[in-house]
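As stored in run.txt (compact mmCIF, N, CA and C atoms):
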```txt
# COMPACT_ATOMS: atom_id res chain seq x y z
N MET R 299 -71.85 -79.49 6.15
CA MET R 299 -71.78 -78.35 5.26
C MET R 299 -70.59 -78.52 4.33
N VAL R 300 -70.71 -77.95 3.16
CA VAL R 300 -69.64 -77.99 2.17
C VAL R 300 -68.99 -76.62 2.09
N PHE R 301 -67.65 -76.62 2.07
CA PHE R 301 -66.90 -75.38 1.98
C PHE R 301 -66.01 -75.41 0.74
N LYS R 302 -65.92 -74.27 0.09
CA LYS R 302 -65.06 -74.10 -1.08
C LYS R 302 -63.80 -73.37 -0.62
N ILE R 303 -62.66 -73.97 -0.89
CA ILE R 303 -61.39 -73.42 -0.44
C ILE R 303 -60.58 -72.98 -1.65
N TYR R 304 -60.17 -71.73 -1.65
CA TYR R 304 -59.30 -71.19 -2.68
C TYR R 304 -57.88 -71.21 -2.11
N TYR R 305 -56.93 -71.82 -2.85
CA TYR R 305 -55.60 -71.99 -2.28
C TYR R 305 -54.52 -72.03 -3.36
N GLN R 306 -53.28 -71.84 -2.91
CA GLN R 306 -52.09 -72.09 -3.70
C GLN R 306 -51.50 -73.40 -3.18
N GLU R 307 -50.85 -74.18 -4.03
CA GLU R 307 -50.38 -75.50 -3.61
C GLU R 307 -49.28 -75.47 -2.57
N ARG R 308 -48.49 -74.42 -2.57
CA ARG R 308 -47.40 -74.34 -1.58
C ARG R 308 -47.59 -73.11 -0.72
N ILE R 309 -47.27 -73.24 0.55
CA ILE R 309 -47.48 -72.15 1.49
C ILE R 309 -46.59 -70.95 1.19
N VAL R 310 -45.48 -71.16 0.50
CA VAL R 310 -44.56 -70.06 0.20
C VAL R 310 -44.94 -69.30 -1.07
N GLU R 311 -45.94 -69.79 -1.80
CA GLU R 311 -46.37 -69.12 -3.03
C GLU R 311 -47.19 -67.87 -2.72
N VAL R 312 -46.93 -66.87 -3.51
CA VAL R 312 -47.72 -65.64 -3.42
C VAL R 312 -49.03 -65.88 -4.16
N PRO R 313 -50.16 -65.49 -3.59
CA PRO R 313 -51.44 -65.71 -4.29
C PRO R 313 -51.50 -64.98 -5.62
N VAL R 314 -51.67 -65.74 -6.69
CA VAL R 314 -51.82 -65.22 -8.04
C VAL R 314 -53.08 -65.87 -8.61
N ARG R 315 -53.98 -65.07 -9.11
CA ARG R 315 -55.28 -65.58 -9.56
C ARG R 315 -55.14 -66.76 -10.53
N GLU R 316 -54.21 -66.68 -11.46
CA GLU R 316 -54.07 -67.73 -12.47
C GLU R 316 -53.60 -69.06 -11.88
N LYS R 317 -52.98 -69.02 -10.72
CA LYS R 317 -52.47 -70.25 -10.10
C LYS R 317 -53.36 -70.73 -8.96
N THR R 318 -54.43 -70.01 -8.66
CA THR R 318 -55.32 -70.39 -7.57
C THR R 318 -56.09 -71.66 -7.93
N LYS R 319 -56.13 -72.58 -6.99
CA LYS R 319 -56.86 -73.84 -7.17
C LYS R 319 -58.04 -73.86 -6.20
N VAL R 320 -58.95 -74.79 -6.43
CA VAL R 320 -60.16 -74.89 -5.60
C VAL R 320 -60.29 -76.30 -5.08
N LEU R 321 -60.74 -76.39 -3.84
CA LEU R 321 -60.94 -77.66 -3.17
C LEU R 321 -62.26 -77.58 -2.40
N TYR R 322 -63.03 -78.64 -2.41
CA TYR R 322 -64.29 -78.69 -1.67
C TYR R 322 -64.13 -79.67 -0.51
N VAL R 323 -64.49 -79.23 0.69
CA VAL R 323 -64.33 -80.07 1.88
C VAL R 323 -65.58 -79.97 2.73
N GLU R 324 -65.99 -81.11 3.32
CA GLU R 324 -67.10 -81.11 4.27
C GLU R 324 -66.56 -80.78 5.65
N GLY R 325 -67.32 -79.97 6.39
CA GLY R 325 -66.90 -79.61 7.73
C GLY R 325 -68.01 -78.93 8.50
N GLU R 326 -67.76 -78.71 9.77
CA GLU R 326 -68.72 -78.06 10.66
C GLU R 326 -68.67 -76.54 10.56
N SER R 327 -67.46 -76.00 10.34
CA SER R 327 -67.27 -74.55 10.31
C SER R 327 -66.00 -74.24 9.52
N VAL R 328 -65.76 -72.96 9.28
CA VAL R 328 -64.55 -72.53 8.60
C VAL R 328 -63.32 -72.97 9.41
N LYS R 329 -63.39 -72.79 10.72
CA LYS R 329 -62.29 -73.17 11.60
C LYS R 329 -62.01 -74.67 11.50
N ASP R 330 -63.05 -75.48 11.48
CA ASP R 330 -62.93 -76.93 11.37
C ASP R 330 -62.26 -77.31 10.06
N VAL R 331 -62.67 -76.69 8.98
CA VAL R 331 -62.11 -76.98 7.66
C VAL R 331 -60.64 -76.59 7.61
N ARG R 332 -60.31 -75.43 8.14
CA ARG R 332 -58.90 -74.99 8.17
C ARG R 332 -58.04 -75.97 8.95
N LYS R 333 -58.56 -76.53 10.06
CA LYS R 333 -57.82 -77.52 10.83
C LYS R 333 -57.60 -78.79 10.01
N LYS R 334 -58.62 -79.19 9.26
CA LYS R 334 -58.53 -80.42 8.47
C LYS R 334 -57.46 -80.35 7.38
N ILE R 335 -57.26 -79.19 6.81
CA ILE R 335 -56.29 -79.08 5.71
C ILE R 335 -54.96 -78.47 6.14
N ALA R 336 -54.80 -78.21 7.43
CA ALA R 336 -53.59 -77.55 7.93
C ALA R 336 -52.31 -78.33 7.62
N ASP R 337 -52.37 -79.65 7.63
CA ASP R 337 -51.18 -80.46 7.41
C ASP R 337 -50.79 -80.62 5.94
N ARG R 338 -51.55 -80.07 5.04
CA ARG R 338 -51.29 -80.23 3.60
C ARG R 338 -50.33 -79.19 3.03
N GLY R 339 -50.01 -78.16 3.78
CA GLY R 339 -49.05 -77.16 3.33
C GLY R 339 -49.59 -76.20 2.28
N TYR R 340 -50.90 -76.00 2.25
CA TYR R 340 -51.50 -75.08 1.30
C TYR R 340 -51.45 -73.65 1.80
N ASN R 341 -51.34 -72.71 0.89
CA ASN R 341 -51.49 -71.29 1.20
C ASN R 341 -52.96 -70.96 0.95
N VAL R 342 -53.76 -71.00 1.99
CA VAL R 342 -55.21 -70.81 1.86
C VAL R 342 -55.52 -69.33 1.73
N GLU R 343 -56.19 -68.97 0.63
CA GLU R 343 -56.58 -67.59 0.39
C GLU R 343 -57.93 -67.28 1.04
N PHE R 344 -58.89 -68.20 0.86
CA PHE R 344 -60.25 -67.92 1.29
C PHE R 344 -61.01 -69.22 1.46
N VAL R 345 -61.86 -69.28 2.48
CA VAL R 345 -62.74 -70.43 2.72
C VAL R 345 -64.16 -69.90 2.74
N GLN R 346 -65.02 -70.51 1.92
CA GLN R 346 -66.39 -70.02 1.75
C GLN R 346 -67.37 -71.18 1.85
N GLU R 347 -68.41 -71.02 2.65
CA GLU R 347 -69.47 -72.03 2.73
C GLU R 347 -70.32 -71.94 1.47
N VAL R 348 -70.65 -73.09 0.89
CA VAL R 348 -71.51 -73.10 -0.30
C VAL R 348 -72.81 -73.82 0.05
N THR R 349 -73.92 -73.14 -0.22
CA THR R 349 -75.24 -73.70 0.08
C THR R 349 -76.22 -73.30 -1.01
N GLY R 350 -77.37 -73.93 -0.99
CA GLY R 350 -78.48 -73.54 -1.87
C GLY R 350 -78.14 -73.57 -3.35
N ALA R 351 -78.56 -72.53 -4.04
CA ALA R 351 -78.37 -72.44 -5.49
C ALA R 351 -76.89 -72.42 -5.86
N PHE R 352 -76.07 -71.80 -5.03
CA PHE R 352 -74.63 -71.75 -5.30
C PHE R 352 -74.04 -73.16 -5.28
N LEU R 353 -74.46 -73.99 -4.31
CA LEU R 353 -74.00 -75.37 -4.23
C LEU R 353 -74.47 -76.17 -5.45
N GLU R 354 -75.71 -75.98 -5.85
CA GLU R 354 -76.24 -76.67 -7.03
C GLU R 354 -75.44 -76.31 -8.28
N TYR R 355 -75.09 -75.03 -8.41
CA TYR R 355 -74.29 -74.58 -9.54
C TYR R 355 -72.90 -75.23 -9.52
N GLU R 356 -72.27 -75.27 -8.35
CA GLU R 356 -70.93 -75.86 -8.23
C GLU R 356 -70.97 -77.36 -8.54
N GLN R 357 -72.05 -78.04 -8.17
CA GLN R 357 -72.16 -79.49 -8.41
C GLN R 357 -72.25 -79.82 -9.88
N GLN R 358 -72.63 -78.87 -10.71
CA GLN R 358 -72.71 -79.10 -12.16
C GLN R 358 -71.34 -79.11 -12.82
N ASN R 359 -70.34 -78.57 -12.14
CA ASN R 359 -68.98 -78.52 -12.67
C ASN R 359 -68.40 -79.94 -12.68
N GLU R 360 -67.77 -80.33 -13.77
CA GLU R 360 -67.21 -81.67 -13.86
C GLU R 360 -66.05 -81.91 -12.89
N ASP R 361 -65.41 -80.85 -12.40
CA ASP R 361 -64.31 -80.97 -11.45
C ASP R 361 -64.77 -80.99 -10.00
N TYR R 362 -66.08 -80.93 -9.76
CA TYR R 362 -66.62 -80.88 -8.41
C TYR R 362 -66.44 -82.24 -7.72
N LYS R 363 -65.70 -82.23 -6.62
CA LYS R 363 -65.52 -83.45 -5.82
C LYS R 363 -65.30 -83.00 -4.38
N VAL R 364 -66.12 -83.49 -3.47
CA VAL R 364 -66.02 -83.11 -2.06
C VAL R 364 -65.10 -84.11 -1.36
N LEU R 365 -64.08 -83.59 -0.68
CA LEU R 365 -63.18 -84.44 0.09
C LEU R 365 -63.72 -84.58 1.50
N GLU R 366 -63.70 -85.80 1.99
CA GLU R 366 -64.10 -86.05 3.38
C GLU R 366 -62.83 -86.34 4.16
N ILE R 367 -62.36 -85.33 4.87
CA ILE R 367 -61.12 -85.44 5.64
C ILE R 367 -61.50 -85.55 7.11
N TRP R 368 -60.92 -86.52 7.78
CA TRP R 368 -61.23 -86.74 9.19
C TRP R 368 -60.16 -86.17 10.00
```
Full structure transcribed into structure tokens:
Amino acid sequence: MVFKIYYQERIVEVPVREKTKVLYVEGESVKDVRKKIADRGYNVEFVQEVTGAFLEYEQQNEDYKVLEIW
């Protein structure tokens, strides 16, 4: 499954919409994805599974790239 992660680059940053970044990660569940990115020091705002038409729409974005983190 592919998950869309909304985050700030540093854990000490206050979430501000204009500074929010997006990352796509493959994983089994939200918990699994959070474990995979835990060592990166991100301030994670929200993790959302993307499927179906929503995934197709996201894949059309030129910035779409799925990270495979083990």
Write out as a PDB file with N, CA and C atoms, keeping the file's coordinate frame the residues lying within 8 Å of Tyr322 in chain R, counting only C-alpha atoms and excluding same-chain residues fewer than 3 positions away.
```pdb
ATOM      1  N   VAL R 300     -70.710 -77.950   3.160  1.00  0.00           N
ATOM      2  CA  VAL R 300     -69.640 -77.990   2.170  1.00  0.00           C
ATOM      3  C   VAL R 300     -68.990 -76.620   2.090  1.00  0.00           C
ATOM      4  N   PHE R 301     -67.650 -76.620   2.070  1.00  0.00           N
ATOM      5  CA  PHE R 301     -66.900 -75.380   1.980  1.00  0.00           C
ATOM      6  C   PHE R 301     -66.010 -75.410   0.740  1.00  0.00           C
ATOM      7  N   LYS R 302     -65.920 -74.270   0.090  1.00  0.00           N
ATOM      8  CA  LYS R 302     -65.060 -74.100  -1.080  1.00  0.00           C
ATOM      9  C   LYS R 302     -63.800 -73.370  -0.620  1.00  0.00           C
ATOM     10  N   ILE R 303     -62.660 -73.970  -0.890  1.00  0.00           N
ATOM     11  CA  ILE R 303     -61.390 -73.420  -0.440  1.00  0.00           C
ATOM     12  C   ILE R 303     -60.580 -72.980  -1.650  1.00  0.00           C
ATOM     13  N   TYR R 362     -66.080 -80.930  -9.760  1.00  0.00           N
ATOM     14  CA  TYR R 362     -66.620 -80.880  -8.410  1.00  0.00           C
ATOM     15  C   TYR R 362     -66.440 -82.240  -7.720  1.00  0.00           C
ATOM     16  N   LYS R 363     -65.700 -82.230  -6.620  1.00  0.00           N
ATOM     17  CA  LYS R 363     -65.520 -83.450  -5.820  1.00  0.00           C
ATOM     18  C   LYS R 363     -65.300 -83.000  -4.380  1.00  0.00           C
ATOM     19  N   VAL R 364     -66.120 -83.490  -3.470  1.00  0.00           N
ATOM     20  CA  VAL R 364     -66.020 -83.110  -2.060  1.00  0.00           C
ATOM     21  C   VAL R 364     -65.100 -84.110  -1.360  1.00  0.00           C
ATOM     22  N   LEU R 365     -64.080 -83.590  -0.680  1.00  0.00           N
ATOM     23  CA  LEU R 365     -63.180 -84.440   0.090  1.00  0.00           C
ATOM     24  C   LEU R 365     -63.720 -84.580   1.500  1.00  0.00           C
TER      25      LEU R 365
END
```
| What are the DSSP helix (DSSP H, G or I) residues of chain R, as a ChimeraX atom specification? | /R:315-317,328-338,350-357
| request: Tell me, in Å to one decimal, how far atom N of Glu307 in chain R is from CA of Tyr340 in chain R. | output: 5.4 Å
| said: Here is a test: counting only C-alpha atoms, which residue of R:Val310, R:Asp330, R:Tyr304, R:Val323 is nearest to Phe344 in chain R? | reply: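 Comparing R:Val310, R:Asp330, R:Tyr304, R:Val323 against Phe344 in chain R, the winner is R:Tyr304.
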| Which one is closest to Val312 in chain R: R:Glu326, R:Glu354, R:Glu343, R:Glu366? Count only C-alpha atoms. | R:Glu343
| said: What does the structure give for the distance between atom N of Gly350 in chain R and CA of Val328 in chain R, in Å to one decimal? | reply: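 CA of Val328 in chain R lies 16.1 Å from atom N of Gly350 in chain R.
Interatomic distance, atom C of Arg315 in chain R against atom N of Ala351 in chain R: 25.0 Å.
Remark: for Arg338 in chain R, the closest of the candidate residues R:Val320, R:Ile309, R:Val314, R:Leu353 is R:Ile309 (distances computed over only C-alpha atoms).
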| Residue nearest Ile367 in chain R - candidates R:Leu321, R:Met299, R:Lys334, R:Asn341, atoms counted: all atoms listed in the file | R:Lys334
| query | So which one's closest to Gln306 in chain R, R:Ser327, R:Val342, R:Ile335, R:Glu356? Using all atoms listed in the file, please. | reply | R:Val342
From the block you just saw, export range 316-343 of chain R: N, CA, C and O atoms, as a PDB file, in the first residue's frame.
```pdb
ATOM      1  N   GLU R 316       1.992  26.401   4.807  1.00  0.00           N
ATOM      2  CA  GLU R 316       2.901  26.803   3.726  1.00  0.00           C
ATOM      3  C   GLU R 316       4.228  26.054   3.754  1.00  0.00           C
ATOM      4  O   GLU R 316       4.922  25.984   2.743  1.00  0.00           O
ATOM      5  N   LYS R 317       4.593  25.516   4.895  1.00  0.00           N
ATOM      6  CA  LYS R 317       5.863  24.791   5.018  1.00  0.00           C
ATOM      7  C   LYS R 317       5.682  23.276   5.014  1.00  0.00           C
ATOM      8  O   LYS R 317       6.655  22.533   5.097  1.00  0.00           O
ATOM      9  N   THR R 318       4.452  22.804   4.934  1.00  0.00           N
ATOM     10  CA  THR R 318       4.184  21.372   4.951  1.00  0.00           C
ATOM     11  C   THR R 318       4.684  20.727   3.664  1.00  0.00           C
ATOM     12  O   THR R 318       4.452  21.223   2.576  1.00  0.00           O
ATOM     13  N   LYS R 319       5.377  19.612   3.817  1.00  0.00           N
ATOM     14  CA  LYS R 319       5.887  18.859   2.673  1.00  0.00           C
ATOM     15  C   LYS R 319       5.166  17.515   2.616  1.00  0.00           C
ATOM     16  O   LYS R 319       4.513  17.106   3.567  1.00  0.00           O
ATOM     17  N   VAL R 320       5.308  16.834   1.488  1.00  0.00           N
ATOM     18  CA  VAL R 320       4.623  15.556   1.280  1.00  0.00           C
ATOM     19  C   VAL R 320       5.642  14.511   0.878  1.00  0.00           C
ATOM     20  O   VAL R 320       6.577  14.775   0.119  1.00  0.00           O
ATOM     21  N   LEU R 321       5.428  13.309   1.387  1.00  0.00           N
ATOM     22  CA  LEU R 321       6.288  12.175   1.109  1.00  0.00           C
ATOM     23  C   LEU R 321       5.394  10.960   0.881  1.00  0.00           C
ATOM     24  O   LEU R 321       4.383  10.801   1.571  1.00  0.00           O
ATOM     25  N   TYR R 322       5.735  10.127  -0.083  1.00  0.00           N
ATOM     26  CA  TYR R 322       4.976   8.903  -0.352  1.00  0.00           C
ATOM     27  C   TYR R 322       5.845   7.712   0.035  1.00  0.00           C
ATOM     28  O   TYR R 322       7.005   7.623  -0.371  1.00  0.00           O
ATOM     29  N   VAL R 323       5.275   6.799   0.823  1.00  0.00           N
ATOM     30  CA  VAL R 323       6.030   5.644   1.308  1.00  0.00           C
ATOM     31  C   VAL R 323       5.167   4.399   1.177  1.00  0.00           C
ATOM     32  O   VAL R 323       3.968   4.440   1.453  1.00  0.00           O
ATOM     33  N   GLU R 324       5.793   3.282   0.786  1.00  0.00           N
ATOM     34  CA  GLU R 324       5.096   2.001   0.764  1.00  0.00           C
ATOM     35  C   GLU R 324       5.182   1.377   2.145  1.00  0.00           C
ATOM     36  O   GLU R 324       6.224   1.457   2.805  1.00  0.00           O
ATOM     37  N   GLY R 325       4.076   0.753   2.572  1.00  0.00           N
ATOM     38  CA  GLY R 325       4.065   0.105   3.869  1.00  0.00           C
ATOM     39  C   GLY R 325       2.839  -0.756   4.050  1.00  0.00           C
ATOM     40  O   GLY R 325       1.917  -0.732   3.236  1.00  0.00           O
ATOM     41  N   GLU R 326       2.828  -1.489   5.145  1.00  0.00           N
ATOM     42  CA  GLU R 326       1.716  -2.382   5.470  1.00  0.00           C
ATOM     43  C   GLU R 326       0.569  -1.651   6.158  1.00  0.00           C
ATOM     44  O   GLU R 326      -0.588  -1.999   5.990  1.00  0.00           O
ATOM     45  N   SER R 327       0.915  -0.647   6.982  1.00  0.00           N
ATOM     46  CA  SER R 327      -0.086   0.077   7.760  1.00  0.00           C
ATOM     47  C   SER R 327       0.470   1.446   8.135  1.00  0.00           C
ATOM     48  O   SER R 327       1.655   1.722   7.907  1.00  0.00           O
ATOM     49  N   VAL R 328      -0.373   2.276   8.725  1.00  0.00           N
ATOM     50  CA  VAL R 328       0.060   3.592   9.183  1.00  0.00           C
ATOM     51  C   VAL R 328       1.170   3.425  10.226  1.00  0.00           C
ATOM     52  O   VAL R 328       2.184   4.129  10.189  1.00  0.00           O
ATOM     53  N   LYS R 329       0.996   2.484  11.135  1.00  0.00           N
ATOM     54  CA  LYS R 329       1.987   2.225  12.172  1.00  0.00           C
ATOM     55  C   LYS R 329       3.328   1.818  11.561  1.00  0.00           C
ATOM     56  O   LYS R 329       4.388   2.291  11.984  1.00  0.00           O
ATOM     57  N   ASP R 330       3.296   0.961  10.550  1.00  0.00           N
ATOM     58  CA  ASP R 330       4.497   0.509   9.860  1.00  0.00           C
ATOM     59  C   ASP R 330       5.214   1.686   9.204  1.00  0.00           C
ATOM     60  O   ASP R 330       6.434   1.823   9.307  1.00  0.00           O
ATOM     61  N   VAL R 331       4.471   2.544   8.548  1.00  0.00           N
ATOM     62  CA  VAL R 331       5.050   3.704   7.868  1.00  0.00           C
ATOM     63  C   VAL R 331       5.673   4.660   8.883  1.00  0.00           C
ATOM     64  O   VAL R 331       6.772   5.173   8.678  1.00  0.00           O
ATOM     65  N   ARG R 332       4.982   4.904   9.980  1.00  0.00           N
ATOM     66  CA  ARG R 332       5.530   5.784  11.022  1.00  0.00           C
ATOM     67  C   ARG R 332       6.840   5.229  11.579  1.00  0.00           C
ATOM     68  O   ARG R 332       7.773   5.983  11.858  1.00  0.00           O
ATOM     69  N   LYS R 333       6.939   3.903  11.737  1.00  0.00           N
ATOM     70  CA  LYS R 333       8.180   3.285  12.201  1.00  0.00           C
ATOM     71  C   LYS R 333       9.304   3.497  11.188  1.00  0.00           C
ATOM     72  O   LYS R 333      10.446   3.750  11.556  1.00  0.00           O
ATOM     73  N   LYS R 334       8.970   3.374   9.907  1.00  0.00           N
ATOM     74  CA  LYS R 334       9.977   3.505   8.857  1.00  0.00           C
ATOM     75  C   LYS R 334      10.589   4.895   8.795  1.00  0.00           C
ATOM     76  O   LYS R 334      11.762   5.038   8.457  1.00  0.00           O
ATOM     77  N   ILE R 335       9.816   5.916   9.089  1.00  0.00           N
ATOM     78  CA  ILE R 335      10.340   7.282   8.981  1.00  0.00           C
ATOM     79  C   ILE R 335      10.712   7.892  10.336  1.00  0.00           C
ATOM     80  O   ILE R 335      11.124   9.044  10.402  1.00  0.00           O
ATOM     81  N   ALA R 336      10.612   7.112  11.397  1.00  0.00           N
ATOM     82  CA  ALA R 336      10.865   7.621  12.747  1.00  0.00           C
ATOM     83  C   ALA R 336      12.276   8.185  12.917  1.00  0.00           C
ATOM     84  O   ALA R 336      12.477   9.172  13.622  1.00  0.00           O
ATOM     85  N   ASP R 337      13.260   7.606  12.260  1.00  0.00           N
ATOM     86  CA  ASP R 337      14.645   8.045  12.428  1.00  0.00           C
ATOM     87  C   ASP R 337      15.011   9.287  11.608  1.00  0.00           C
ATOM     88  O   ASP R 337      16.112   9.792  11.707  1.00  0.00           O
ATOM     89  N   ARG R 338      14.105   9.802  10.833  1.00  0.00           N
ATOM     90  CA  ARG R 338      14.389  10.951   9.966  1.00  0.00           C
ATOM     91  C   ARG R 338      14.181  12.298  10.642  1.00  0.00           C
ATOM     92  O   ARG R 338      14.524  13.324  10.082  1.00  0.00           O
ATOM     93  N   GLY R 339      13.585  12.325  11.820  1.00  0.00           N
ATOM     94  CA  GLY R 339      13.415  13.575  12.555  1.00  0.00           C
ATOM     95  C   GLY R 339      12.328  14.484  12.008  1.00  0.00           C
ATOM     96  O   GLY R 339      12.380  15.699  12.210  1.00  0.00           O
ATOM     97  N   TYR R 340      11.349  13.914  11.321  1.00  0.00           N
ATOM     98  CA  TYR R 340      10.252  14.706  10.774  1.00  0.00           C
ATOM     99  C   TYR R 340       9.175  14.948  11.825  1.00  0.00           C
ATOM    100  O   TYR R 340       8.938  14.110  12.684  1.00  0.00           O
ATOM    101  N   ASN R 341       8.509  16.079  11.733  1.00  0.00           N
ATOM    102  CA  ASN R 341       7.322  16.354  12.530  1.00  0.00           C
ATOM    103  C   ASN R 341       6.136  15.933  11.664  1.00  0.00           C
ATOM    104  O   ASN R 341       5.674  16.692  10.818  1.00  0.00           O
ATOM    105  N   VAL R 342       5.660  14.714  11.859  1.00  0.00           N
ATOM    106  CA  VAL R 342       4.602  14.155  11.024  1.00  0.00           C
ATOM    107  C   VAL R 342       3.253  14.709  11.459  1.00  0.00           C
ATOM    108  O   VAL R 342       2.864  14.592  12.609  1.00  0.00           O
ATOM    109  N   GLU R 343       2.558  15.342  10.514  1.00  0.00           N
ATOM    110  CA  GLU R 343       1.237  15.892  10.785  1.00  0.00           C
ATOM    111  C   GLU R 343       0.143  14.846  10.574  1.00  0.00           C
ATOM    112  O   GLU R 343      -0.779  14.729  11.368  1.00  0.00           O
TER     113      GLU R 343
END
```
